[in-house]
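Engineer: Contents are PDB, C-alpha atoms; file name query-v4.pdb:
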```pdb
ATOM      1  CA  MET A 986     152.657  91.674 150.334
ATOM      2  CA  SER A 987     151.668  90.921 153.886
ATOM      3  CA  ALA A 988     153.521  88.458 156.057
ATOM      4  CA  ALA A 989     152.435  84.847 156.432
ATOM      5  CA  LEU A 990     148.697  84.411 156.739
ATOM      6  CA  SER A 991     149.057  82.855 160.160
ATOM      7  CA  ASP A 992     150.542  86.153 161.342
ATOM      8  CA  ALA A 993     147.762  88.296 159.830
ATOM      9  CA  ALA A 994     147.080  91.313 162.013
ATOM     10  CA  VAL A 995     144.704  94.238 162.116
ATOM     11  CA  GLY A 996     145.802  96.917 159.668
ATOM     12  CA  ASP A 997     147.485  94.535 157.219
ATOM     13  CA  THR A 998     146.765  95.326 153.599
ATOM     14  CA  LEU A 999     146.055  92.613 151.056
ATOM     15  CA  PRO A1000     147.906  92.504 147.727
ATOM     16  CA  ALA A1001     145.883  94.714 145.346
ATOM     17  CA  LEU A1002     144.170  93.199 142.327
ATOM     18  CA  SER A1003     143.137  94.830 139.052
ATOM     19  CA  LEU A1004     140.626  92.888 136.951
ATOM     20  CA  ARG A1005     138.999  93.606 133.607
ATOM     21  CA  VAL A1006     135.235  93.357 133.231
ATOM     22  CA  THR A1007     134.259  92.867 129.580
ATOM     23  CA  ARG A1008     131.078  92.187 127.620
ATOM     24  CA  ALA A1009     132.360  88.701 126.904
ATOM     25  CA  GLY A1010     132.818  88.234 130.639
ATOM     26  CA  LEU A1011     129.235  89.324 131.283
ATOM     27  CA  VAL A1012     127.910  86.826 128.750
ATOM     28  CA  ARG A1013     129.995  84.054 130.263
ATOM     29  CA  TYR A1014     128.763  84.939 133.756
ATOM     30  CA  ALA A1015     125.146  85.124 132.556
ATOM     31  CA  ALA A1016     125.422  81.578 131.274
ATOM     32  CA  ALA A1017     127.242  80.219 134.323
ATOM     33  CA  SER A1018     124.951  81.880 136.870
ATOM     34  CA  GLY A1019     121.675  81.556 134.972
ATOM     35  CA  ASP A1020     121.039  85.309 135.350
ATOM     36  CA  LEU A1021     119.930  86.149 131.802
ATOM     37  CA  ASN A1022     118.569  89.636 132.553
ATOM     38  CA  PRO A1023     119.150  91.571 129.290
ATOM     39  CA  ILE A1024     120.359  94.715 131.092
ATOM     40  CA  HIS A1025     123.620  92.738 131.358
ATOM     41  CA  TRP A1026     124.031  92.211 127.594
ATOM     42  CA  SER A1027     121.596  94.402 125.598
ATOM     43  CA  ASP A1028     122.242  98.133 125.141
ATOM     44  CA  ARG A1029     118.703  98.490 123.883
ATOM     45  CA  VAL A1030     117.133  97.068 127.028
ATOM     46  CA  ALA A1031     119.594  98.851 129.331
ATOM     47  CA  ALA A1032     118.714 102.201 127.738
ATOM     48  CA  ALA A1033     114.994 101.440 127.902
ATOM     49  CA  VAL A1034     115.149 101.098 131.694
ATOM     50  CA  GLY A1035     117.188 104.278 132.066
ATOM     51  CA  LEU A1036     120.670 102.855 132.554
ATOM     52  CA  PRO A1037     123.708 104.610 131.050
ATOM     53  CA  GLY A1038     124.612 101.335 129.315
ATOM     54  CA  VAL A1039     124.932  97.609 129.836
ATOM     55  CA  ILE A1040     125.929  96.978 133.442
ATOM     56  CA  ALA A1041     127.709  94.088 135.126
ATOM     57  CA  HIS A1042     125.712  91.710 137.290
ATOM     58  CA  GLY A1043     126.088  92.884 140.876
ATOM     59  CA  MET A1044     126.787  89.283 141.780
ATOM     60  CA  LEU A1045     129.623  89.167 139.230
ATOM     61  CA  THR A1046     131.203  92.273 140.751
ATOM     62  CA  MET A1047     130.808  90.674 144.189
ATOM     63  CA  ALA A1048     132.408  87.441 142.967
ATOM     64  CA  LEU A1049     135.323  89.284 141.341
ATOM     65  CA  ALA A1050     135.883  91.349 144.488
ATOM     66  CA  GLY A1051     135.912  88.119 146.479
ATOM     67  CA  ARG A1052     138.951  87.028 144.507
ATOM     68  CA  LEU A1053     140.983  89.630 146.379
ATOM     69  CA  VAL A1054     140.439  87.504 149.464
ATOM     70  CA  THR A1055     140.703  84.043 147.889
ATOM     71  CA  SER A1056     143.927  85.131 146.170
ATOM     72  CA  TRP A1057     145.263  86.225 149.547
ATOM     73  CA  THR A1058     144.435  82.985 151.342
ATOM     74  CA  GLY A1059     144.956  80.827 148.254
ATOM     75  CA  ASP A1060     141.888  78.855 149.262
ATOM     76  CA  PRO A1061     138.262  79.614 148.318
ATOM     77  CA  SER A1062     137.071  77.311 151.104
ATOM     78  CA  SER A1063     138.639  79.683 153.653
ATOM     79  CA  VAL A1064     135.773  82.157 153.145
ATOM     80  CA  VAL A1065     133.168  81.600 155.863
ATOM     81  CA  GLY A1066     131.238  84.833 155.374
ATOM     82  CA  TYR A1067     130.953  87.437 152.651
ATOM     83  CA  GLY A1068     128.547  90.326 152.229
ATOM     84  CA  THR A1069     128.233  93.587 150.358
ATOM     85  CA  ARG A1070     125.955  96.410 149.318
ATOM     86  CA  PHE A1071     125.659  97.231 145.619
ATOM     87  CA  THR A1072     126.103 100.987 145.589
ATOM     88  CA  ARG A1073     126.958 101.908 141.990
ATOM     89  CA  PRO A1074     126.378 100.058 138.717
ATOM     90  CA  VAL A1075     129.463  99.005 136.735
ATOM     91  CA  VAL A1076     128.902 100.124 133.147
ATOM     92  CA  VAL A1077     130.679  97.850 130.674
ATOM     93  CA  PRO A1078     131.310  99.305 127.186
ATOM     94  CA  ASP A1079     130.910  97.264 124.012
ATOM     95  CA  ASP A1080     134.615  96.992 123.238
ATOM     96  CA  ASP A1081     137.371  94.478 123.818
ATOM     97  CA  GLU A1082     138.946  96.225 126.806
ATOM     98  CA  GLY A1083     135.916  96.653 129.061
ATOM     99  CA  VAL A1084     136.534  98.435 132.346
ATOM    100  CA  ALA A1085     139.062  97.947 135.120
ATOM    101  CA  LEU A1086     137.842  96.888 138.554
ATOM    102  CA  GLU A1087     140.423  97.900 141.150
ATOM    103  CA  LEU A1088     140.433  95.928 144.388
ATOM    104  CA  THR A1089     142.178  96.638 147.665
ATOM    105  CA  GLY A1090     141.589  95.278 151.129
ATOM    106  CA  THR A1091     142.490  95.767 154.763
ATOM    107  CA  VAL A1092     142.308  93.428 157.739
ATOM    108  CA  LYS A1093     139.842  95.052 160.135
ATOM    109  CA  ALA A1094     139.721  92.398 162.850
ATOM    110  CA  VAL A1095     141.335  89.128 163.823
ATOM    111  CA  ALA A1096     139.456  86.791 166.142
ATOM    112  CA  ASP A1097     140.870  83.940 168.188
ATOM    113  CA  PRO A1098     138.962  80.650 168.345
ATOM    114  CA  PRO A1099     135.997  80.643 170.740
ATOM    115  CA  ALA A1100     136.805  79.478 174.269
ATOM    116  CA  ASP A1101     134.669  76.367 173.870
ATOM    117  CA  ASP A1102     136.433  75.358 170.648
ATOM    118  CA  PRO A1103     140.130  76.165 171.062
ATOM    119  CA  ALA A1104     141.051  73.875 168.152
ATOM    120  CA  ALA A1105     139.121  76.053 165.691
ATOM    121  CA  ASP A1106     140.920  78.378 163.295
ATOM    122  CA  ARG A1107     141.485  82.072 163.874
ATOM    123  CA  THR A1108     139.429  84.247 161.566
ATOM    124  CA  ALA A1109     140.166  87.559 159.897
ATOM    125  CA  THR A1110     137.633  90.147 158.804
ATOM    126  CA  VAL A1111     138.660  91.887 155.595
ATOM    127  CA  LEU A1112     137.115  95.106 154.299
ATOM    128  CA  ILE A1113     137.295  95.169 150.492
ATOM    129  CA  THR A1114     137.309  98.365 148.452
ATOM    130  CA  ALA A1115     136.189  97.983 144.834
ATOM    131  CA  THR A1116     136.459 100.943 142.474
ATOM    132  CA  VAL A1117     135.874 101.681 138.785
ATOM    133  CA  ASP A1118     137.270 104.962 137.434
ATOM    134  CA  GLY A1119     138.085 105.953 141.002
ATOM    135  CA  LYS A1120     134.538 105.545 142.277
ATOM    136  CA  THR A1121     133.519 102.836 144.720
ATOM    137  CA  VAL A1122     131.003 100.349 143.333
ATOM    138  CA  LEU A1123     130.489  98.178 146.421
ATOM    139  CA  GLY A1124     129.642  99.319 149.954
ATOM    140  CA  ARG A1125     130.850  97.654 153.129
ATOM    141  CA  ALA A1126     132.145  94.634 151.187
ATOM    142  CA  THR A1127     133.353  92.446 154.019
ATOM    143  CA  ALA A1128     134.652  88.888 154.113
ATOM    144  CA  GLN A1129     135.387  86.620 157.056
ATOM    145  CA  VAL A1130     138.130  84.106 156.369
ATOM    146  CA  ARG A1131     139.681  81.257 158.337
ATOM    147  CA  LEU A1132     143.402  81.669 158.883
ATOM    148  CA  PRO A1133     145.788  78.728 158.909
ATOM    149  CA  ALA A1134     147.271  77.808 162.285
TER     150      ALA A1134
ATOM    151  CA  MET B 661     100.142  90.336 148.929
ATOM    152  CA  ILE B 662     103.629  90.802 150.328
ATOM    153  CA  ALA B 663     102.646  91.870 153.821
ATOM    154  CA  GLU B 664     100.972  88.507 154.328
ATOM    155  CA  TYR B 665     104.225  86.718 153.425
ATOM    156  CA  VAL B 666     106.447  88.627 155.859
ATOM    157  CA  GLY B 667     107.689  86.355 158.625
ATOM    158  CA  ARG B 668     106.830  83.258 156.644
ATOM    159  CA  ALA B 669     108.867  80.598 154.875
ATOM    160  CA  LEU B 670     108.089  79.002 151.555
ATOM    161  CA  PRO B 671     107.961  75.223 151.163
ATOM    162  CA  SER B 672     111.357  73.508 150.864
ATOM    163  CA  SER B 673     112.909  73.528 147.413
ATOM    164  CA  ARG B 674     113.537  70.408 145.419
ATOM    165  CA  PRO B 675     117.037  69.098 146.107
ATOM    166  CA  TYR B 676     119.721  70.808 144.010
ATOM    167  CA  VAL B 677     122.767  68.721 143.179
ATOM    168  CA  VAL B 678     125.985  70.712 142.841
ATOM    169  CA  GLY B 679     127.548  69.494 139.595
ATOM    170  CA  ARG B 680     131.303  69.156 139.188
ATOM    171  CA  GLU B 681     131.260  70.772 135.751
ATOM    172  CA  LYS B 682     128.945  73.533 137.049
ATOM    173  CA  VAL B 683     131.537  74.348 139.706
ATOM    174  CA  ARG B 684     134.248  74.523 137.028
ATOM    175  CA  GLU B 685     132.036  76.637 134.742
ATOM    176  CA  PHE B 686     131.151  79.077 137.531
ATOM    177  CA  ALA B 687     134.747  79.315 138.747
ATOM    178  CA  LEU B 688     135.868  80.062 135.185
ATOM    179  CA  ALA B 689     133.182  82.748 134.796
ATOM    180  CA  VAL B 690     134.320  84.598 137.930
ATOM    181  CA  GLY B 691     138.004  83.995 137.192
ATOM    182  CA  GLU B 692     138.581  81.879 140.295
ATOM    183  CA  GLY B 693     141.665  79.909 139.367
ATOM    184  CA  ALA B 694     142.272  78.047 142.632
ATOM    185  CA  SER B 695     143.100  74.434 141.843
ATOM    186  CA  VAL B 696     140.560  73.118 144.388
ATOM    187  CA  CYS B 697     137.791  74.549 142.153
ATOM    188  CA  HIS B 698     139.040  72.806 139.003
ATOM    189  CA  ASP B 699     141.289  69.837 139.781
ATOM    190  CA  LEU B 700     139.744  66.895 141.622
ATOM    191  CA  ASP B 701     143.106  65.520 142.738
ATOM    192  CA  ALA B 702     144.096  68.910 144.160
ATOM    193  CA  ALA B 703     140.767  69.219 145.985
ATOM    194  CA  ARG B 704     141.116  65.756 147.517
ATOM    195  CA  ALA B 705     144.743  66.374 148.427
ATOM    196  CA  ALA B 706     143.535  69.443 150.355
ATOM    197  CA  GLY B 707     141.082  67.311 152.291
ATOM    198  CA  HIS B 708     137.913  67.988 150.301
ATOM    199  CA  PRO B 709     135.588  65.217 149.089
ATOM    200  CA  ASP B 710     135.235  66.895 145.666
ATOM    201  CA  LEU B 711     135.725  70.270 143.921
ATOM    202  CA  VAL B 712     135.152  73.361 146.096
ATOM    203  CA  ALA B 713     132.462  75.795 144.912
ATOM    204  CA  PRO B 714     133.516  79.491 144.964
ATOM    205  CA  PRO B 715     132.024  81.637 147.767
ATOM    206  CA  THR B 716     129.205  83.182 145.712
ATOM    207  CA  PHE B 717     128.227  79.934 143.932
ATOM    208  CA  PRO B 718     125.008  79.559 145.994
ATOM    209  CA  VAL B 719     123.474  82.333 143.875
ATOM    210  CA  VAL B 720     123.152  79.708 141.123
ATOM    211  CA  PHE B 721     120.452  77.795 142.987
ATOM    212  CA  THR B 722     119.067  80.426 145.385
ATOM    213  CA  MET B 723     118.416  83.241 142.880
ATOM    214  CA  PRO B 724     115.944  81.228 140.760
ATOM    215  CA  LEU B 725     113.896  80.532 143.905
ATOM    216  CA  MET B 726     113.860  84.229 144.784
ATOM    217  CA  GLU B 727     113.046  85.209 141.204
ATOM    218  CA  ALA B 728     110.099  82.822 141.081
ATOM    219  CA  LEU B 729     108.663  84.425 144.221
ATOM    220  CA  LEU B 730     109.353  87.979 143.093
ATOM    221  CA  ARG B 731     107.713  87.357 139.700
ATOM    222  CA  ASP B 732     104.649  85.653 141.199
ATOM    223  CA  PRO B 733     101.691  88.025 140.651
ATOM    224  CA  ALA B 734     100.189  86.802 143.920
ATOM    225  CA  PHE B 735     103.252  88.146 145.752
ATOM    226  CA  GLY B 736     102.699  91.644 144.368
ATOM    227  CA  TRP B 737     106.257  92.859 143.777
ATOM    228  CA  ASP B 738     107.275  95.072 140.842
ATOM    229  CA  TYR B 739     110.038  92.853 139.472
ATOM    230  CA  SER B 740     110.694  95.050 136.439
ATOM    231  CA  ARG B 741     111.766  98.008 138.601
ATOM    232  CA  MET B 742     113.811  96.032 141.104
ATOM    233  CA  VAL B 743     117.473  96.350 141.911
ATOM    234  CA  HIS B 744     119.593  94.053 144.058
ATOM    235  CA  GLY B 745     120.638  96.185 147.027
ATOM    236  CA  GLU B 746     122.651  93.896 149.271
ATOM    237  CA  GLN B 747     123.790  90.281 149.423
ATOM    238  CA  SER B 748     125.519  88.200 152.041
ATOM    239  CA  PHE B 749     126.523  84.581 152.559
ATOM    240  CA  THR B 750     127.430  82.688 155.712
ATOM    241  CA  ALA B 751     129.031  79.287 155.170
ATOM    242  CA  HIS B 752     128.701  76.629 157.856
ATOM    243  CA  ARG B 753     131.067  74.434 155.851
ATOM    244  CA  PRO B 754     132.612  74.552 152.356
ATOM    245  CA  LEU B 755     130.267  73.777 149.472
ATOM    246  CA  HIS B 756     131.378  70.870 147.284
ATOM    247  CA  ALA B 757     130.460  69.253 144.000
ATOM    248  CA  GLY B 758     128.183  66.346 144.778
ATOM    249  CA  ASP B 759     126.365  68.159 147.588
ATOM    250  CA  GLU B 760     122.612  67.673 147.472
ATOM    251  CA  LEU B 761     120.979  70.766 148.929
ATOM    252  CA  VAL B 762     117.533  71.832 150.045
ATOM    253  CA  THR B 763     116.725  75.541 150.331
ATOM    254  CA  VAL B 764     114.009  77.164 152.403
ATOM    255  CA  LEU B 765     113.254  80.743 151.360
ATOM    256  CA  HIS B 766     112.147  83.075 154.149
ATOM    257  CA  VAL B 767     110.481  86.468 153.648
ATOM    258  CA  ASP B 768     112.011  88.311 156.570
ATOM    259  CA  GLU B 769     111.096  91.966 156.266
ATOM    260  CA  LEU B 770     109.441  94.607 154.115
ATOM    261  CA  ARG B 771     110.136  98.263 154.763
ATOM    262  CA  THR B 772     108.930 101.281 152.840
ATOM    263  CA  ARG B 773     110.882 104.497 153.045
ATOM    264  CA  ALA B 774     110.543 107.608 150.905
ATOM    265  CA  GLY B 775     108.455 105.696 148.411
ATOM    266  CA  SER B 776     110.994 102.891 147.952
ATOM    267  CA  HIS B 777     110.323  99.337 149.058
ATOM    268  CA  PHE B 778     113.026  97.242 150.736
ATOM    269  CA  LEU B 779     112.462  93.496 150.886
ATOM    270  CA  THR B 780     114.751  91.179 152.835
ATOM    271  CA  LEU B 781     114.804  87.548 151.728
ATOM    272  CA  ARG B 782     116.790  84.799 153.457
ATOM    273  CA  CYS B 783     117.740  81.366 152.189
ATOM    274  CA  GLU B 784     118.540  78.595 154.680
ATOM    275  CA  VAL B 785     120.344  75.809 152.857
ATOM    276  CA  THR B 786     120.780  72.320 154.318
ATOM    277  CA  ASP B 787     121.822  68.931 153.044
ATOM    278  CA  THR B 788     119.093  66.360 152.501
ATOM    279  CA  ALA B 789     119.529  65.191 156.105
ATOM    280  CA  GLY B 790     118.701  68.700 157.306
ATOM    281  CA  VAL B 791     122.234  69.604 158.407
ATOM    282  CA  PRO B 792     122.865  73.355 157.831
ATOM    283  CA  VAL B 793     125.291  74.142 154.988
ATOM    284  CA  LEU B 794     124.911  77.874 154.408
ATOM    285  CA  SER B 795     122.650  80.891 154.825
ATOM    286  CA  SER B 796     122.221  83.838 152.503
ATOM    287  CA  THR B 797     120.366  87.119 152.772
ATOM    288  CA  SER B 798     119.334  89.383 149.903
ATOM    289  CA  LEU B 799     117.944  92.897 150.019
ATOM    290  CA  MET B 800     115.803  93.723 147.006
ATOM    291  CA  VAL B 801     114.791  97.334 146.359
ATOM    292  CA  THR B 802     112.042  98.718 144.177
ATOM    293  CA  ALA B 803     112.557 102.375 143.419
ATOM    294  CA  GLU B 804     110.234 105.217 144.186
ATOM    295  CA  GLY B 805     107.314 105.419 141.797
ATOM    296  CA  ALA B 806     107.151 101.707 141.180
ATOM    297  CA  ASP B 807     103.869  99.934 141.674
ATOM    298  CA  ALA B 808     103.500  99.849 145.415
ATOM    299  CA  PRO B 809     103.297  96.527 147.177
ATOM    300  CA  ALA B 810     101.092  96.338 150.234
ATOM    301  CA  GLU B 811     102.683  98.577 152.838
ATOM    302  CA  ALA B 812     104.655  96.801 155.512
ATOM    303  CA  GLY B 813     102.441  96.003 158.429
ATOM    304  CA  VAL B 814      99.288  97.122 156.615
ATOM    305  CA  PRO B 815      97.040  94.249 155.573
ATOM    306  CA  ALA B 816      96.448  94.144 151.844
TER     307      ALA B 816
END
```
Output the structure of this file as structure tokens.
Structural biologist:
Amino acid sequence: MSAALSDAAVGDTLPALSLRVTRAGLVRYAAASGDLNPIHWSDRVAAAVGLPGVIAHGMLTMALAGRLVTSWTGDPSSVVGYGTRFTRPVVVPDDDEGVALELTGTVKAVADPPADDPAADRTATVLITATVDGKTVLGRATAQVRLPA
Amino acid sequence: MIAEYVGRALPSSRPYVVGREKVREFALAVGEGASVCHDLDAARAAGHPDLVAPPTFPVVFTMPLMEALLRDPAFGWDYSRMVHGEQSFTAHRPLHAGDELVTVLHVDELRTRAGSHFLTLRCEVTDTAGVPVLSSTSLMVTAEGADAPAEAGVPA
């Protein structure tokens, strides 16, 4: 556990998070997001387009990885920027356990408020590492978060 | 074809109203348990006018706009062979239930490298008064061997 957020410093590590991604979770995300692409729920369609199996929505993996940061700050509205590359599909088996998404993060930069707005919050840039079976699934996943005073 | 769209913006979207139950549903689907996403009293106590939408919520209303463009035969993109390569969001302020948002979709860039096509789309999202709320960028990739769109910079 890092020290108080207001003392966040370059090199701090965020508390790690391990999340399960299951078929049921994919179906729930499909409904909530409106992304009904069958490669995220049909083995038949996934195989037909050459995938090793049903894969998670990249945007679901991104959202889950973002929880590493919102869990750290305790506040989803603290996230002012968030971006990633989708580098490897997350294959989700048709069983109850699904796969484990392992999340770790490191503070790469801390910025003071701009000179013309000294009352603004400090911001931290967090690099998130997301792995499944030891292999990274996101590239350069980076979030900018406001830090409390 | 695509090359003619590059550097252009599509007409403004219809206003999208962020629903309180949609925020709860989306937060549940991504496992975001923060009380400000679910509990109105908690959100207001934290200074928000309504529930806070999770950071990637804008995909709910921006992706359908992108999909409509990418599936439009006049645009000339091979949607069936596409993968989502990159995504980013920049928030100018938190997104809340009750927000009424207008999105303008920009076609920023098309590159072709080693037979793959890389299309950068950008969404500029404002409130109905035109005040910026957030921006997003998406990189869509069509793999080598897919039906080729008009080459970048080469008139169709």
Engineer: So the first atom is atom CA of B:Leu725 and the second is atom CA of B:Glu746; what is the distance between them in Å, to one decimal place?
Structural biologist: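 Rounded to one decimal, the two atoms are 16.9 Å apart.
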Engineer: Report, in Å to a single decimal, how far apart atom CA of B:Pro714 and atom CA of A:Glu1082 are.
Structural biologist: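 According to the coordinates, atom CA of A:Glu1082 and atom CA of B:Pro714 are separated by 25.3 Å.
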Engineer: Could you please select, counting only C-alpha atoms, the residues of chain B within 7 Å of chain A and state them as a PDB file with C-alpha atoms, keeping the file's coordinate frame?
Structural biologist:
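Output file iface-v3.pdb is given in full below:
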```pdb
ATOM      1  CA  GLU B 685     132.036  76.637 134.742  1.00  0.00           C
ATOM      2  CA  PHE B 686     131.151  79.077 137.531  1.00  0.00           C
ATOM      3  CA  ALA B 689     133.182  82.748 134.796  1.00  0.00           C
ATOM      4  CA  VAL B 690     134.320  84.598 137.930  1.00  0.00           C
ATOM      5  CA  GLU B 692     138.581  81.879 140.295  1.00  0.00           C
ATOM      6  CA  ALA B 694     142.272  78.047 142.632  1.00  0.00           C
ATOM      7  CA  VAL B 712     135.152  73.361 146.096  1.00  0.00           C
ATOM      8  CA  PRO B 714     133.516  79.491 144.964  1.00  0.00           C
ATOM      9  CA  PRO B 715     132.024  81.637 147.767  1.00  0.00           C
ATOM     10  CA  THR B 716     129.205  83.182 145.712  1.00  0.00           C
ATOM     11  CA  VAL B 720     123.152  79.708 141.123  1.00  0.00           C
ATOM     12  CA  GLY B 745     120.638  96.185 147.027  1.00  0.00           C
ATOM     13  CA  GLU B 746     122.651  93.896 149.271  1.00  0.00           C
ATOM     14  CA  GLN B 747     123.790  90.281 149.423  1.00  0.00           C
ATOM     15  CA  SER B 748     125.519  88.200 152.041  1.00  0.00           C
ATOM     16  CA  PHE B 749     126.523  84.581 152.559  1.00  0.00           C
ATOM     17  CA  THR B 750     127.430  82.688 155.712  1.00  0.00           C
ATOM     18  CA  ALA B 751     129.031  79.287 155.170  1.00  0.00           C
ATOM     19  CA  HIS B 752     128.701  76.629 157.856  1.00  0.00           C
ATOM     20  CA  PRO B 754     132.612  74.552 152.356  1.00  0.00           C
TER      21      PRO B 754
END
```
Engineer: I'd like the interatomic distance between atom CA of B:Thr786 and atom CA of B:Phe721, to a tenth of an Å.
Structural biologist: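 Separating atom CA of B:Thr786 from atom CA of B:Phe721 is a distance of 12.6 Å.
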Engineer: For B:Pro675, find every residue with an atom within 9 Å (counting only C-alpha atoms), except residues of its own chain fewer than 2 positions away, and show them as a PyMOL selection string.
Structural biologist: chain B and resi 672-673+677+760-763+787-788
Engineer: Determine the residue set returned by the PyMOL selection byres ((chain B and resi 679) around 9) for the present structure, and present it as a list in words.
Structural biologist: Val677, Val678, Arg680, Glu681, Lys682, Val683, Arg684, His756, Ala757, Gly758 and Asp759 of chain B
Engineer: Please provide as a ChimeraX atom specification all residues within 9 Å of A:Asp1081, with the sequence filter that same-chain residues fewer than 2 positions apart are discarded (counting all atoms listed in the file).
Structural biologist: /A:1007-1009,1078-1079,1083
Engineer: Quick one: everything within 10 Å of B:Glu727, counting all atoms listed in the file, minus sequence neighbours fewer than 5 positions away in the same chain. Send it as a ChimeraX atom specification.
Structural biologist: /A:1020 /B:722,732,739
Engineer: Please check which residues have atoms at most 7 Å from (118.4, 84.1, 152.1) in the file's coordinates, counting all atoms listed in the file, and write them as a PyMOL selection string.
Structural biologist: chain B and resi 765-766+781-784+795-798
Engineer: Write out as a count of residues only the residues lying within 8 Å of A:Glu1087, counting all atoms listed in the file and excluding same-chain residues fewer than 3 positions away.
Structural biologist: 8
Engineer: Let me make sure I understand: among B:Leu755, B:Ala702, B:Leu770, B:His744, which one has the smallest atom-to-atom distance to B:Met661 if we use all atoms listed in the file?
Structural biologist: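 Checking each candidate against B:Met661, we get B:Leu770 as the closest.
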Engineer: For A:Pro1103, work out the shell of residues within 12 Å, counting all atoms listed in the file and skipping chain neighbours fewer than 6 positions away, then give it as a list in words.
Structural biologist: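 After dropping sequence-adjacent residues, the list is Ala1096, Asp1097 and Ala1134 of chain A.
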Engineer: Written as a list in words, which residues does the PyMOL selection byres ((chain A and resi 1036) around 12) give for the file shown?
Structural biologist: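 For this structure, the PyMOL selection byres ((chain A and resi 1036) around 12) resolves to Pro1023, Ile1024, His1025, Ser1027, Asp1028, Arg1029, Val1030, Ala1031, Ala1032, Ala1033, Val1034, Gly1035, Pro1037, Gly1038, Val1039, Ile1040, Ala1041, Arg1073, Pro1074, Val1075, Val1076 and Val1077 of chain A; Arg741 and Val743 of chain B.
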